[in-house]
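Structure file entry.cif; described as mmCIF, C-alpha atoms and all ligand atoms.
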```cif
data_final
loop_
_atom_site.label_atom_id
_atom_site.label_comp_id
_atom_site.auth_asym_id
_atom_site.auth_seq_id
_atom_site.Cartn_x
_atom_site.Cartn_y
_atom_site.Cartn_z
CA MET A 1 191.78 155.34 87.50
CA THR A 2 194.02 152.44 86.56
CA ALA A 3 192.54 149.31 85.08
CA SER A 4 193.71 147.19 88.00
CA SER A 5 191.70 149.22 90.52
CA ARG A 6 188.48 148.65 88.63
CA GLU A 7 185.96 145.88 88.78
CA PRO A 8 186.18 143.25 86.04
CA LEU A 9 182.69 142.97 84.55
CA LEU A 10 183.22 140.63 81.62
CA VAL A 11 186.10 138.18 81.74
CA LEU A 12 186.87 135.78 78.90
CA GLU A 13 189.33 133.12 79.96
CA GLY A 14 191.12 131.00 77.40
CA LEU A 15 188.13 130.87 75.07
CA SER A 16 188.38 128.69 71.99
CA LYS A 17 185.85 127.69 69.38
CA VAL A 18 186.46 124.97 66.84
CA PHE A 19 183.81 124.48 64.16
CA THR A 20 183.62 121.20 62.35
CA ARG A 21 182.97 121.90 58.72
CA ARG A 22 181.37 118.82 57.27
CA TRP A 23 181.37 120.15 53.73
CA LEU A 24 185.15 120.40 53.80
CA GLY A 25 185.45 116.66 54.23
CA ARG A 26 185.88 114.38 57.18
CA GLY A 27 187.89 115.72 60.06
CA ARG A 28 188.27 119.20 58.67
CA GLU A 29 187.99 121.80 61.39
CA LEU A 30 188.05 125.54 61.58
CA THR A 31 189.42 127.23 64.66
CA ALA A 32 187.39 130.43 64.72
CA VAL A 33 188.72 131.57 68.11
CA ARG A 34 191.86 130.36 69.81
CA ASP A 35 192.76 130.72 73.50
CA LEU A 36 191.29 134.19 73.87
CA SER A 37 191.51 135.98 77.21
CA LEU A 38 190.37 139.50 77.82
CA THR A 39 188.85 141.62 80.55
CA VAL A 40 186.26 144.37 80.26
CA TYR A 41 186.16 146.56 83.38
CA ARG A 42 183.11 148.34 84.67
CA GLY A 43 182.90 151.75 82.99
CA ASP A 44 184.82 150.72 79.88
CA LEU A 45 183.81 151.51 76.35
CA PHE A 46 185.72 148.53 75.05
CA GLY A 47 186.42 148.09 71.34
CA PHE A 48 186.86 144.56 70.08
CA LEU A 49 188.51 144.95 66.71
CA GLY A 50 189.20 142.62 63.88
CA PRO A 51 188.77 142.23 60.14
CA ASN A 52 185.82 140.29 58.72
CA GLY A 53 186.07 136.64 59.63
CA ALA A 54 188.45 137.25 62.54
CA GLY A 55 186.08 135.57 65.01
CA LYS A 56 184.41 138.57 66.64
CA SER A 57 180.79 137.41 66.32
CA THR A 58 181.79 133.91 67.40
CA THR A 59 183.41 135.38 70.51
CA LEU A 60 180.35 137.49 71.30
CA ARG A 61 178.08 134.47 70.84
CA MET A 62 180.17 132.57 73.36
CA ALA A 63 180.14 135.53 75.76
CA LEU A 64 176.33 135.51 75.55
CA GLY A 65 175.95 131.77 75.92
CA LEU A 66 174.45 131.42 72.42
CA ILE A 67 177.07 128.83 71.52
CA HIS A 68 179.27 126.71 73.75
CA PRO A 69 182.99 127.34 73.78
CA THR A 70 185.18 124.39 72.85
CA ALA A 71 187.42 125.46 75.73
CA GLY A 72 187.62 128.23 78.28
CA ARG A 73 185.03 130.11 80.29
CA VAL A 74 183.07 133.34 80.51
CA LEU A 75 182.53 135.30 83.72
CA ILE A 76 180.01 138.13 83.90
CA ALA A 77 180.09 140.17 87.11
CA GLY A 78 181.78 137.19 88.75
CA HIS A 79 179.16 134.67 87.61
CA ASP A 80 180.38 131.76 85.52
CA LEU A 81 178.16 131.66 82.46
CA ALA A 82 178.18 127.86 82.30
CA ALA A 83 177.23 127.37 85.96
CA GLU A 84 175.08 130.42 86.68
CA ARG A 85 173.62 131.32 83.34
CA LEU A 86 170.68 133.39 84.54
CA ALA A 87 172.63 135.37 87.11
CA ALA A 88 175.31 136.08 84.51
CA LEU A 89 172.99 137.09 81.66
CA ARG A 90 170.79 139.24 83.88
CA GLN A 91 173.60 141.82 83.69
CA VAL A 92 173.64 141.99 79.91
CA GLY A 93 171.79 143.61 77.02
CA ALA A 94 173.00 142.49 73.62
CA PHE A 95 172.56 141.92 69.94
CA VAL A 96 174.79 139.90 67.68
CA GLU A 97 174.92 140.75 64.00
CA ALA A 98 171.80 142.92 63.46
CA PRO A 99 168.81 143.30 65.77
CA SER A 100 165.63 141.87 64.23
CA PHE A 101 162.17 143.43 64.37
CA TYR A 102 158.71 142.99 62.95
CA GLY A 103 158.76 145.49 60.09
CA TYR A 104 154.99 145.95 59.90
CA LEU A 105 154.76 146.85 63.59
CA SER A 106 155.73 150.17 65.11
CA GLY A 107 158.98 150.68 66.96
CA ARG A 108 156.99 151.02 70.13
CA LYS A 109 155.03 147.79 69.56
CA ASN A 110 158.29 145.96 68.89
CA LEU A 111 159.67 147.21 72.21
CA GLU A 112 156.48 146.09 73.95
CA ILE A 113 157.04 142.61 72.55
CA PHE A 114 160.67 142.66 73.74
CA ALA A 115 159.50 143.91 77.12
CA GLY A 116 157.04 141.04 77.34
CA LEU A 117 159.85 138.62 76.71
CA SER A 118 161.94 140.09 79.48
CA GLY A 119 159.19 139.97 82.09
CA GLY A 120 157.14 143.01 81.20
CA VAL A 121 157.94 146.66 81.88
CA ALA A 122 155.79 149.74 82.37
CA ALA A 123 154.83 151.97 79.45
CA ALA A 124 156.82 154.76 81.09
CA GLU A 125 159.96 152.68 80.85
CA ILE A 126 159.40 152.15 77.13
CA ASP A 127 158.96 155.91 76.79
CA ALA A 128 162.20 156.40 78.67
CA VAL A 129 164.30 154.14 76.43
CA LEU A 130 162.70 155.62 73.29
CA GLU A 131 163.67 159.04 74.58
CA ARG A 132 167.14 157.82 75.46
CA VAL A 133 167.90 156.63 71.93
CA GLY A 134 166.27 159.64 70.26
CA LEU A 135 163.26 157.85 68.73
CA ARG A 136 160.48 159.78 70.45
CA GLY A 137 158.21 161.16 67.76
CA ARG A 138 158.89 158.26 65.40
CA GLU A 139 157.86 155.48 67.74
CA LEU A 140 154.48 154.88 66.09
CA ASP A 141 155.90 154.52 62.57
CA PRO A 142 156.30 150.97 61.32
CA VAL A 143 159.88 149.74 61.61
CA SER A 144 159.85 149.01 57.85
CA VAL A 145 160.12 152.77 57.19
CA TYR A 146 162.94 153.30 59.72
CA SER A 147 166.40 154.09 58.42
CA HIS A 148 169.14 151.59 59.20
CA GLY A 149 170.42 153.96 61.89
CA MET A 150 166.99 154.17 63.53
CA ARG A 151 166.81 150.38 63.59
CA GLN A 152 170.19 150.16 65.27
CA ARG A 153 169.02 152.67 67.88
CA LEU A 154 165.80 150.72 68.35
CA GLY A 155 167.99 147.65 68.85
CA ILE A 156 169.92 149.49 71.54
CA ALA A 157 166.62 150.59 73.10
CA ALA A 158 165.54 146.94 73.28
CA CYS A 159 168.86 146.09 74.97
CA LEU A 160 168.30 148.84 77.54
CA LEU A 161 164.83 147.67 78.60
CA PRO A 162 165.97 145.09 81.16
CA LYS A 163 168.30 147.77 82.66
CA PRO A 164 171.56 145.95 82.09
CA GLY A 165 174.94 147.07 83.41
CA LEU A 166 176.71 145.74 80.33
CA LEU A 167 175.86 146.20 76.66
CA ILE A 168 177.41 143.80 74.17
CA LEU A 169 176.97 145.02 70.60
CA ASP A 170 178.20 143.41 67.42
CA GLU A 171 179.34 146.03 64.90
CA PRO A 172 176.66 148.54 65.92
CA THR A 173 177.69 151.10 63.29
CA ASP A 174 178.21 148.67 60.42
CA GLY A 175 176.51 149.81 57.21
CA LEU A 176 175.26 153.13 58.62
CA ASP A 177 175.56 156.43 56.80
CA PRO A 178 177.70 159.17 58.41
CA HIS A 179 174.78 160.64 60.37
CA GLY A 180 173.71 157.22 61.57
CA ILE A 181 177.26 156.45 62.64
CA ARG A 182 177.53 159.72 64.53
CA ASP A 183 174.19 159.18 66.30
CA VAL A 184 175.05 155.66 67.41
CA ARG A 185 178.53 156.66 68.56
CA GLU A 186 177.22 159.63 70.53
CA LEU A 187 174.59 157.43 72.11
CA LEU A 188 177.15 154.84 73.19
CA VAL A 189 179.49 157.44 74.64
CA SER A 190 176.61 159.01 76.53
CA LEU A 191 175.38 155.65 77.87
CA VAL A 192 178.83 155.05 79.35
CA ARG A 193 179.48 158.59 80.56
CA ASP A 194 176.02 159.62 81.76
CA ASP A 195 174.28 156.35 82.60
CA GLY A 196 177.23 154.42 83.96
CA LEU A 197 176.88 151.54 81.54
CA THR A 198 179.75 149.42 80.31
CA VAL A 199 179.88 148.77 76.57
CA PHE A 200 181.70 145.98 74.78
CA LEU A 201 181.41 146.47 71.04
CA SER A 202 182.98 144.85 68.06
CA SER A 203 184.08 146.71 64.97
CA HIS A 204 186.22 146.18 61.93
CA LEU A 205 187.13 149.88 61.84
CA LEU A 206 190.33 150.81 63.63
CA SER A 207 189.57 154.51 63.34
CA GLU A 208 186.16 154.07 64.94
CA VAL A 209 187.52 152.31 67.96
CA GLU A 210 190.43 154.72 68.24
CA HIS A 211 188.07 157.66 68.58
CA LEU A 212 185.40 156.00 70.65
CA CYS A 213 186.92 153.56 73.09
CA ASN A 214 189.17 153.69 76.13
CA ARG A 215 190.28 150.06 75.86
CA ILE A 216 190.79 147.88 72.83
CA ALA A 217 191.62 144.33 71.85
CA ILE A 218 192.52 143.31 68.32
CA LEU A 219 191.60 139.88 67.03
CA GLU A 220 193.06 138.41 63.89
CA GLN A 221 192.34 134.93 62.56
CA GLY A 222 190.89 134.02 65.92
CA GLU A 223 193.85 135.14 67.98
CA LEU A 224 194.29 138.20 70.10
CA ILE A 225 197.24 140.23 68.87
CA LEU A 226 196.89 143.27 71.09
CA GLN A 227 194.96 144.36 74.17
CA GLY A 228 195.18 147.40 76.37
CA GLU A 229 194.27 150.85 77.49
CA LEU A 230 194.26 153.03 74.38
CA SER A 231 196.14 155.86 76.09
CA GLU A 232 198.89 153.44 77.15
CA LEU A 233 199.14 151.89 73.70
CA GLU A 234 199.33 155.36 72.24
CA ARG A 235 202.11 156.41 74.58
CA GLU A 236 204.03 153.29 73.71
CA HIS A 237 203.42 153.09 69.96
CA ARG A 238 202.42 156.47 68.56
CA GLY A 239 205.37 158.37 67.12
CA LEU A 240 205.67 161.68 65.31
CA SER A 241 205.10 162.32 61.65
CA LEU A 242 207.22 164.87 59.85
CA SER A 243 206.46 166.41 56.47
CA VAL A 244 209.60 167.96 55.14
CA ASP A 245 211.55 168.49 51.93
CA ARG A 246 214.33 165.89 51.48
CA PRO A 247 212.91 163.33 53.95
CA ALA A 248 215.85 160.92 53.78
CA GLU A 249 218.35 163.65 54.64
CA ALA A 250 216.10 165.01 57.38
CA ALA A 251 215.81 161.55 58.93
CA ALA A 252 219.59 161.16 58.89
CA LEU A 253 220.04 164.54 60.53
CA LEU A 254 217.56 163.73 63.29
CA ARG A 255 219.24 160.42 63.99
CA GLU A 256 222.69 161.96 64.21
CA ARG A 257 221.93 165.32 65.80
CA CYS A 258 219.02 164.42 68.09
CA GLY A 259 219.55 160.72 68.72
CA VAL A 260 216.00 159.77 67.81
CA GLN A 261 214.92 156.80 65.72
CA ALA A 262 213.74 158.38 62.49
CA GLU A 263 212.98 156.67 59.19
CA ALA A 264 212.02 158.22 55.89
CA HIS A 265 209.13 156.46 54.23
CA PRO A 266 208.69 156.30 50.49
CA PRO A 267 205.94 157.86 48.35
CA PRO A 268 202.96 158.13 48.33
CA ARG A 269 203.19 158.81 52.08
CA GLU A 270 206.50 160.57 51.72
CA GLY A 271 207.79 161.94 54.97
CA VAL A 272 209.60 160.85 58.12
CA ARG A 273 208.35 158.75 60.98
CA ILE A 274 209.95 159.35 64.35
CA ARG A 275 209.51 156.48 66.75
CA PRO A 276 207.86 157.10 70.10
CA GLY A 277 210.18 158.16 72.87
CA SER A 278 211.16 161.27 74.66
CA ALA A 279 211.76 163.38 71.57
CA ASP A 280 210.61 166.97 72.09
CA PRO A 281 209.03 168.16 68.81
CA ALA A 282 210.22 171.72 69.44
CA VAL A 283 213.84 170.56 69.70
CA LEU A 284 213.54 168.47 66.54
CA ASN A 285 211.91 171.35 64.71
CA ARG A 286 214.71 173.75 65.67
CA ALA A 287 217.41 171.29 64.54
CA LEU A 288 215.69 170.92 61.18
CA LEU A 289 215.23 174.64 60.66
CA GLU A 290 218.83 175.38 61.62
CA ALA A 291 219.97 172.86 59.03
CA GLY A 292 217.90 174.61 56.36
CA PHE A 293 215.01 172.15 55.98
CA ARG A 294 211.49 173.33 55.21
CA VAL A 295 209.20 171.76 57.81
CA ALA A 296 205.59 171.63 56.60
CA ALA A 297 204.24 169.65 59.56
CA LEU A 298 205.46 167.86 62.67
CA GLU A 299 202.58 166.14 64.40
CA PRO A 300 201.48 163.05 66.31
CA GLU A 301 201.56 160.15 63.89
CA PRO A 302 198.22 159.69 62.09
CA HIS A 303 197.00 156.11 61.47
CA TRP A 304 199.32 154.74 64.14
CA LEU A 305 196.82 152.04 65.08
CA ASP A 306 196.57 150.85 61.46
CA ARG A 307 200.34 150.69 61.28
CA LEU A 308 200.58 148.78 64.54
CA PHE A 309 197.91 146.36 63.35
CA LEU A 310 199.70 145.79 60.04
CA GLU A 311 203.05 145.29 61.78
CA ARG A 312 201.55 142.69 64.08
CA THR A 313 199.76 140.83 61.32
CA THR A 314 201.94 140.83 58.19
CA THR A 315 203.99 137.90 59.40
CA ARG A 316 200.83 135.81 59.60
CA GLU A 317 199.53 136.35 56.10
CA ALA A 318 201.04 133.17 54.76
CA ALA A 319 198.43 131.10 56.64
CA PRO A 320 194.90 131.77 55.37
CA ALA A 321 192.04 131.36 57.83
CA GLY A 322 190.72 127.85 57.82
CA ALA A 323 193.92 126.31 56.57
CA ARG A 324 195.41 126.25 60.02
CA PRO A 325 195.44 123.04 61.99
N1 LIG B 1 178.43 128.18 62.65
C1 LIG B 1 179.59 128.17 62.00
N2 LIG B 1 180.04 127.03 61.40
C2 LIG B 1 181.21 127.01 60.76
N3 LIG B 1 182.05 128.07 60.66
C3 LIG B 1 181.65 129.22 61.24
C4 LIG B 1 180.41 129.34 61.94
N4 LIG B 1 180.30 130.62 62.40
C5 LIG B 1 181.41 131.26 62.01
N5 LIG B 1 182.24 130.43 61.32
C6 LIG B 1 183.57 130.78 60.78
O1 LIG B 1 184.34 131.27 61.84
C7 LIG B 1 185.18 132.35 61.38
C8 LIG B 1 184.91 133.58 62.23
O2 LIG B 1 183.61 134.06 61.91
P1 LIG B 1 182.96 135.29 62.70
O3 LIG B 1 183.05 135.04 64.15
O4 LIG B 1 181.61 135.48 62.13
O5 LIG B 1 183.93 136.49 62.30
P2 LIG B 1 183.69 138.07 62.42
O6 LIG B 1 182.47 138.31 63.22
O7 LIG B 1 184.94 138.59 63.04
O8 LIG B 1 183.56 138.57 61.01
C9 LIG B 1 184.87 132.53 59.92
O9 LIG B 1 185.85 131.85 59.16
C10 LIG B 1 183.50 131.90 59.76
O10 LIG B 1 183.32 131.41 58.46
MG MG B 2 180.76 139.34 62.72
#
```
For this file, produce the structure as structure tokens.
Amino acid sequence: MTASSREPLLVLEGLSKVFTRRWLGRGRELTAVRDLSLTVYRGDLFGFLGPNGAGKSTTLRMALGLIHPTAGRVLIAGHDLAAERLAALRQVGAFVEAPSFYGYLSGRKNLEIFAGLSGGVAAAEIDAVLERVGLRGRELDPVSVYSHGMRQRLGIAACLLPKPGLLILDEPTDGLDPHGIRDVRELLVSLVRDDGLTVFLSSHLLSEVEHLCNRIAILEQGELILQGELSELEREHRGLSLSVDRPAEAAALLRERCGVQAEAHPPPREGVRIRPGSADPAVLNRALLEAGFRVAALEPEPHWLDRLFLERTTTREAAPAGARP
């Protein structure tokens, strides 16, 4: 299904947020988010990427109506958040930064309190969300003895109680151990695939989003530098990586003999990068072997998203966040 044939569920239009920082002196402002537009379609597992301080949490707070944008607007399932707040937020389950619980109460009791806040739900529904996030059996333990991963899953359970169509989660795997990360990721994938939810999550880990999401947007210093369907970005930007003896000579051969754009890169990642295009790896491999090279590996480029991110951002490093007008 192409993106254009799907229903936009969360639309951010020209969102900006300027904070006035009094302690920096009169008139000093910080543009945390600048003219940000993006669309999350129903059924997406959308990864909103950016390094610490990029403006992710600020964006999510605006999308949830927790702070007012300086400019722009938020549409959730067609409802303008500013004009139809309740109708818009009825679609959404969310936590920004970390979910908070009463540590001395059980996971179940905490959910009952959440349920009370959202209009009350039956005990069976609390059982169902506990089951869904894999906390059945531990639900009567106090939250203070839960692992960080269990708390994140309890947070997701709380989000699920009002039966939202859209989950908005701020760095849901941040600080988790490998098992916790795996559990949360599997849960999110399953919520999208099996329960038909749409998930918009932020992360500072390119690799996480690359393996988890179907669409991504990358934010840097408050500005969007990339947005799209991951498979399309991959087709456009992911090249081939060649491990070979004499990389510089191999790159020259490939350029001349095969007409591909190949560059040798220096140690420690010695090898050759072949730019995306129509190059057939089998043809390249044969040319190299015929010319007497020893090919150790010829594979889809690893870390292509990191490279793309660095390429798009290196030109901006001169201007530290906060120093911009
Ligand atoms: N309430 C606030 N007042 C002033 N500055 C803020 C406030 N909230 C966030 N910021 C600043 O906005 C920038 C983006 O922060 P944030 O949205 O938390 O980034 P991220 O979630 O991507 O790490 C940072 O420079 C941060 O210091
Ligand atoms: Mg944040």
>> For a quick check of your reading of the model, name the residues lying within 12 Å of the coordinate (194.0, 141.8, 70.5), counting all atoms listed in the file, and write them as a PyMOL selection string.
In response: chain A and resi 33-39+46-51+54-56+202+206+215-230+233+305+308-309+312-313
Centre and edges of the ligand LIG 1 (chain B) box, axis-aligned, 8 Å extra per side, as AutoDock Vina command-line options:
```
--center_x 182.1 --center_y 132.8 --center_z 61.3 --size_x 23.4 --size_y 27.6 --size_z 21.7
```
Give one line per residue of chain A that approaches ligand MG 2 (chain B) to at most 10 Å, naming the two atoms of the closest pair and their distance in Å to one decimal, counting only C-alpha atoms and all ligand atoms; sort by chain then ascending residue number and deliver it as a tab-separated table.
```
residue	atom	partner	partner_atom	distance
A:Gly50	CA	B:MG2	MG	9.1
A:Pro51	CA	B:MG2	MG	8.9
A:Asn52	CA	B:MG2	MG	6.5
A:Gly53	CA	B:MG2	MG	6.7
A:Ala54	CA	B:MG2	MG	8.0
A:Gly55	CA	B:MG2	MG	6.9
A:Lys56	CA	B:MG2	MG	5.4
A:Ser57	CA	B:MG2	MG	4.1
A:Thr58	CA	B:MG2	MG	7.2
A:Thr59	CA	B:MG2	MG	9.1
A:Leu60	CA	B:MG2	MG	8.8
A:Arg61	CA	B:MG2	MG	9.8
A:Val96	CA	B:MG2	MG	7.8
A:Glu97	CA	B:MG2	MG	6.1
A:Ala98	CA	B:MG2	MG	9.7
A:Asp170	CA	B:MG2	MG	6.7
A:Glu171	CA	B:MG2	MG	7.2
A:Asp174	CA	B:MG2	MG	9.9
A:Ser202	CA	B:MG2	MG	8.0
A:Ser203	CA	B:MG2	MG	8.4
A:His204	CA	B:MG2	MG	8.8
```
> Between CA of Glu13 (chain A) and CA of Glu236 (chain A), what is the spacing in Å?
Replying inline: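 For CA of Glu236 (chain A) relative to CA of Glu13 (chain A), the distance reads 25.7 Å.
With only C-alpha atoms as the atoms that count, the minimum distance from Gly165 (chain A) to the choices A:Arg269, A:Arg42, A:His148, A:Arg136 is reached by A:Arg42.
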> Suppose you want the space between CA of Ala63 (chain A) and CA of Leu154 (chain A); what is it in Å?
Replying inline: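 Value for the CA of Ala63 (chain A)-CA of Leu154 (chain A) distance: 22.2 Å.
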> At what distance in Å, to one decimal, does CA of Glu131 (chain A) lie from CA of Gln91 (chain A)?
Replying inline: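 Answer for the CA of Gln91 (chain A) to CA of Glu131 (chain A) separation: 21.9 Å.
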> Contacts of region 79-87 of chain A at 10 Å or less, counting all atoms listed in the file, minus same-chain residues fewer than 5 places along, as a count of residues only?
Replying inline: 12
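Distances from A:Leu75, A:Pro247, A:Cys159, A:Val121 to Leu15 (chain A) were compared using all atoms listed in the file, and the smallest one belongs to A:Leu75.
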>> Show me, as a PyMOL selection string, the residues that have an atom within 9 Å of Ala157 (chain A) when counting only C-alpha atoms, minus same-chain residues fewer than 2 positions from it.
In response: chain A and resi 111+126+129-130+132-133+152-155+159-161
>> Could you list, as a ChimeraX atom specification, every residue within 7 Å of Gln261 (chain A), counting all atoms listed in the file and ignoring same-chain residues fewer than 2 positions away?
In response: /A:255,259,263,274-275
Restricting it to C-alpha atoms, dump the selection as a PDB file, in the coordinates of the input.
```
ATOM      1  CA  ARG A 255     219.240 160.420  63.990  1.00  0.00           C
ATOM      2  CA  GLY A 259     219.550 160.720  68.720  1.00  0.00           C
ATOM      3  CA  GLU A 263     212.980 156.670  59.190  1.00  0.00           C
ATOM      4  CA  ILE A 274     209.950 159.350  64.350  1.00  0.00           C
ATOM      5  CA  ARG A 275     209.510 156.480  66.750  1.00  0.00           C
TER       6      ARG A 275
END
```
>> For a quick check of understanding, using all atoms listed in the file, which of A:Leu12, A:Leu284, A:Ala122, A:Leu176 has the smallest distance to Ala77 (chain A)?
In response: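 The closest residue to Ala77 (chain A) is A:Leu12.
Comparing the minimum interatomic distances between Val40 (chain A) and each of A:His265, A:His237, A:Ile168, A:Arg22, counting only C-alpha atoms, we find that A:Ile168 sits nearest.
Nearest to ligand LIG 1 (chain B) of all the residues A:Asn214, A:Ser144, A:Ser5, A:Thr31 is A:Thr31, based on only C-alpha atoms and all ligand atoms.
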> Nearest to Glu234 (chain A) among A:Glu301, A:Gly14, A:Asp127, A:Gly137, with distances taken over all atoms listed in the file: which residue is it?
Replying inline: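 Using all atoms listed in the file, the shortest distance to Glu234 (chain A) belongs to A:Glu301.
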